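The structure appears below as structure tokens.
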Amino acid sequence: MNIAVAVKVVPDDQDIVVASDRTLDYSKAHQIVSEYDLNAIEAATLLAEATGATLYAISASNAKADDLKVKKSILSRGPAELRLIADDAFQFADARTTARALAKLVEGIGDVDLIVCGDGSADMYAGQVDVQLAAELGLPVINAVTSLKLEDGAVVVERTLPDVVEEIEVPLPAVVAVTPECAFPRIAGMREILAAGKKPTTVTSAADAGVDTTPAVEIASITAPELAERKRQVFDMKNDGDFDAFAAAVAAAVRP
């Protein structure tokens with residue numbers, strides 16, 4: 001049995017610089033694994049460990065994703081192999097473009113029984129790659145998964161909704177997208193990090209992989225949100241009534 005987990009490498013948001021015109025400068029940002037994909041890696045790793053399946057990590061990310069530290073971060077968390085398309089065409093790629101690339105990687109592996117995705121990427125968070133990937137591969141898809149297990153040629157998932165918990169059985173092969181609650185990421189130890197450097201990794205460009213990067217969506221701009229004007233209210237707890245005034249001001253600010 002083969003399982004693939006989709007992983008996106010993104011700039012660390014702590015390193016992104018916001019200019020005066022609200023544009024974003026990514027030039028000095030370190031590359032990290034998207035936070036939501038860490039949950040997906042853990043969920044897929046637990047399944048692979050329980051079933052003896054081979055776990056592949058697949059990724060279509062920007063050119064800086066071809067970084068030894070980033071690759072070890074992925075492989076030290078459980079995957080046996082990493083297949084990566086590192087190309088700046090995927091820095092702000094829409095979901096369909098990303099899905100086309102991931103589908104190429106899945107097809108390159110061969111028979112893949114289950115593909116696990118995160119809720120969304122930490123940068124664009126479109127939440128559409130899982131359904132677009134399933135469409136490219138002609139597979140069933142289920143998202144918002146909070147629990148999953150493999151049983152007799154099917155994946156059995158739970159979806160926790162506001163008023164009910166759904167249990168759904170999906171025949172394999174299939175695509176699932178897990179929520180952060182599905183599995184909490186492990187912290188890799190030194191042994192796992194050293195072993196990760198010896199695991200097979202394939203890195204290619206979009207052109208060499210034969211991926212069409214023609215966008216389906218045109219991005220007009222990417223800017224930081226406008227800062228709200230501060231009220232500059234000052235409360236001194238030494239003054240009678242200021243505590244109540246402070247509490248009332250906070251309540252008014254958070255009340256819908």
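Just so we're on the same page: first chain in the structure tokens is A, next is B, and so on; residues restart at 1 for each chain, and ligands are numbered from 1 in the order they show up.
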With 9 Å as the cut-off and only C-alpha atoms counted, what is the closest atom pair between each nearby residue of range 69-90 of chain A and range 35-51 of chain A? Distances in Å to one decimal, ordered by chain and number, as a tab-separated table.
```
residue	atom	partner	partner_atom	distance
A:Ile74	CA	A:Ile41	CA	8.1
A:Arg77	CA	A:Ile41	CA	7.1
A:Gly78	CA	A:Thr45	CA	5.4
A:Pro79	CA	A:Thr45	CA	6.8
```
May I have all residues of range 74-193 of chain A that DSSP, computed from the backbone, assigns to alpha helix (DSSP H), given as a compact mmCIF listing (two decimals) with C-alpha atoms, in the first residue's frame?
```txt
# COMPACT_ATOMS: atom_id res chain seq x y z
CA ILE A 74 9.60 16.91 6.05
CA LEU A 75 11.35 13.54 5.94
CA ALA A 95 -5.22 25.72 -6.47
CA ARG A 96 -5.73 24.24 -9.92
CA THR A 97 -2.13 24.85 -10.99
CA THR A 98 -0.85 23.31 -7.76
CA ALA A 99 -3.21 20.35 -8.12
CA ARG A 100 -1.96 19.66 -11.66
CA ALA A 101 1.61 19.46 -10.35
CA LEU A 102 0.69 17.23 -7.42
CA ALA A 103 -1.25 14.93 -9.76
CA LYS A 104 1.91 14.53 -11.87
CA LEU A 105 3.84 13.54 -8.76
CA VAL A 106 1.17 11.04 -7.72
CA GLU A 107 1.15 9.49 -11.19
CA GLY A 108 4.95 9.22 -11.01
CA ILE A 109 4.72 7.11 -7.88
CA VAL A 129 -6.17 21.94 -3.58
CA ASP A 130 -7.67 18.70 -2.23
CA VAL A 131 -10.82 18.92 -4.39
CA GLN A 132 -8.88 20.10 -7.45
CA LEU A 133 -6.37 17.27 -7.00
CA ALA A 134 -9.17 14.71 -6.71
CA ALA A 135 -10.72 16.12 -9.89
CA GLU A 136 -7.40 15.82 -11.74
CA LEU A 137 -7.04 12.19 -10.67
CA MET A 190 18.17 13.95 16.33
CA ARG A 191 18.06 10.32 15.16
CA GLU A 192 15.12 11.05 12.85
CA ILE A 193 16.75 14.22 11.51
```
>> Give me, as a VMD selection string, all polymer residues having an atom no more than 12 Å from range 226-235 of chain A, counting only C-alpha atoms and skipping those fewer than 6 positions away in the same chain.
In response: chain A and resid 18 to 23 241 to 250 253
>> So, with only C-alpha atoms as the atoms that count, which of A:Thr204, A:Ser61, A:Ser121, A:Thr213 lies closest to Ala177 in chain A?
In response: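 Selected residue with least distance to Ala177 in chain A: A:Ser121.
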> Of the candidates A:Cys182, A:Asp212, A:Lys28, A:Pro173, which one gets nearest to Gly110 in chain A if we count only C-alpha atoms?
Replying inline: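 That would be A:Pro173, the residue with the smallest distance to Gly110 in chain A.
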> Out of range 37-197 of chain A, which residues get strand (DSSP E or B) from DSSP, as a PyMOL selection string?
Replying inline: chain A and resi 54-61+81-86+114-117+141-145+147-151+154-160+165-171+174-178
>> Quick one: residues within 9 Å of Asp12 in chain A, only C-alpha atoms, excluding same-chain residues fewer than 5 positions away - as JSON, numbers by chain?
In response: {"A": [26, 29, 30, 31, 32, 33, 34]}
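For the pair CA of Leu82 in chain A and CA of Pro140 in chain A, the interatomic distance is 24.0 Å.
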>> My list of candidates is A:Ala224, A:Ala89, A:Val176, A:Val164. Which is closest to Leu148 in chain A when distances are computed with only C-alpha atoms?
In response: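 Smallest distance to Leu148 in chain A is found for A:Val176.
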> If we count only C-alpha atoms, what is near Met1 in chain A at a cut-off of 9 Å, once residues fewer than 2 positions away on the same chain are taken out, given as number ranges by chain?
Replying inline: A: 3, 48, 51-55, 111-114
Based on the selection just made, write C-alpha atoms of those residues as a short mmCIF file (atom, residue, chain, number, x, y, z; two decimals), in the first residue's frame.
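Output file part-v3.cif is given in full below:
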```
data_model
loop_
_atom_site.label_atom_id
_atom_site.label_comp_id
_atom_site.auth_asym_id
_atom_site.auth_seq_id
_atom_site.Cartn_x
_atom_site.Cartn_y
_atom_site.Cartn_z
CA ILE A 3 0.10 6.72 0.84
CA ALA A 48 1.47 4.28 7.37
CA THR A 51 -0.73 -0.48 8.07
CA GLY A 52 2.89 -0.93 6.96
CA ALA A 53 2.26 1.35 3.98
CA THR A 54 4.99 3.33 2.24
CA LEU A 55 4.52 7.06 2.76
CA ASP A 111 -0.41 3.01 -7.45
CA VAL A 112 -1.32 5.37 -4.60
CA ASP A 113 -4.16 4.24 -2.34
CA LEU A 114 -4.66 7.40 -0.31
#
```
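In terms of minimum interatomic distance to Leu139 in chain A, A:Pro171 ranks closest within A:Pro171, A:Pro225, A:Pro11, A:Gly127, counting only C-alpha atoms.
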>> What's the separation between CA of Ile85 in chain A and CA of Ala195 in chain A, in Å to one decimal place?
In response: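 Calculated distance between CA of Ile85 in chain A and CA of Ala195 in chain A is 22.1 Å.
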> Which is closest to Ala57 in chain A among A:Ala196, A:Ala93, A:Ala4, A:Val170, if we use only C-alpha atoms?
Replying inline: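 Among the listed residues, the smallest separation from Ala57 in chain A belongs to A:Ala4.
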>> Under the rule that only C-alpha atoms are counted, which of A:Ala251, A:Ala206, A:Leu172, A:Val5 is the nearest residue to Ala80 in chain A?
In response: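 The shortest atom-to-atom distance to Ala80 in chain A comes from A:Val5.
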Env of Ala220 in chain A: 12 Å cut, atoms = only C-alpha atoms, seq-sep filter 3 positions within chain, self excluded. Answer as a compact mmCIF listing (two decimals) with C-alpha atoms, in the first residue's frame.
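As a result, result29.txt now contains:
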```txt
# COMPACT_ATOMS: atom_id res chain seq x y z
CA PHE A 92 1.53 32.21 -5.62
CA VAL A 217 -6.78 32.63 -11.56
CA THR A 223 -1.09 43.26 0.42
```
>> If I take CA of Leu68 in chain A and CA of Ile16 in chain A, how far is one from the other in Å, to one decimal?
In response: 21.0 Å
> What's the 9 Å shell around Ala86 in chain A, counting only C-alpha atoms, without same-chain residues fewer than 6 positions away, as a count of residues only?
Replying inline: 12
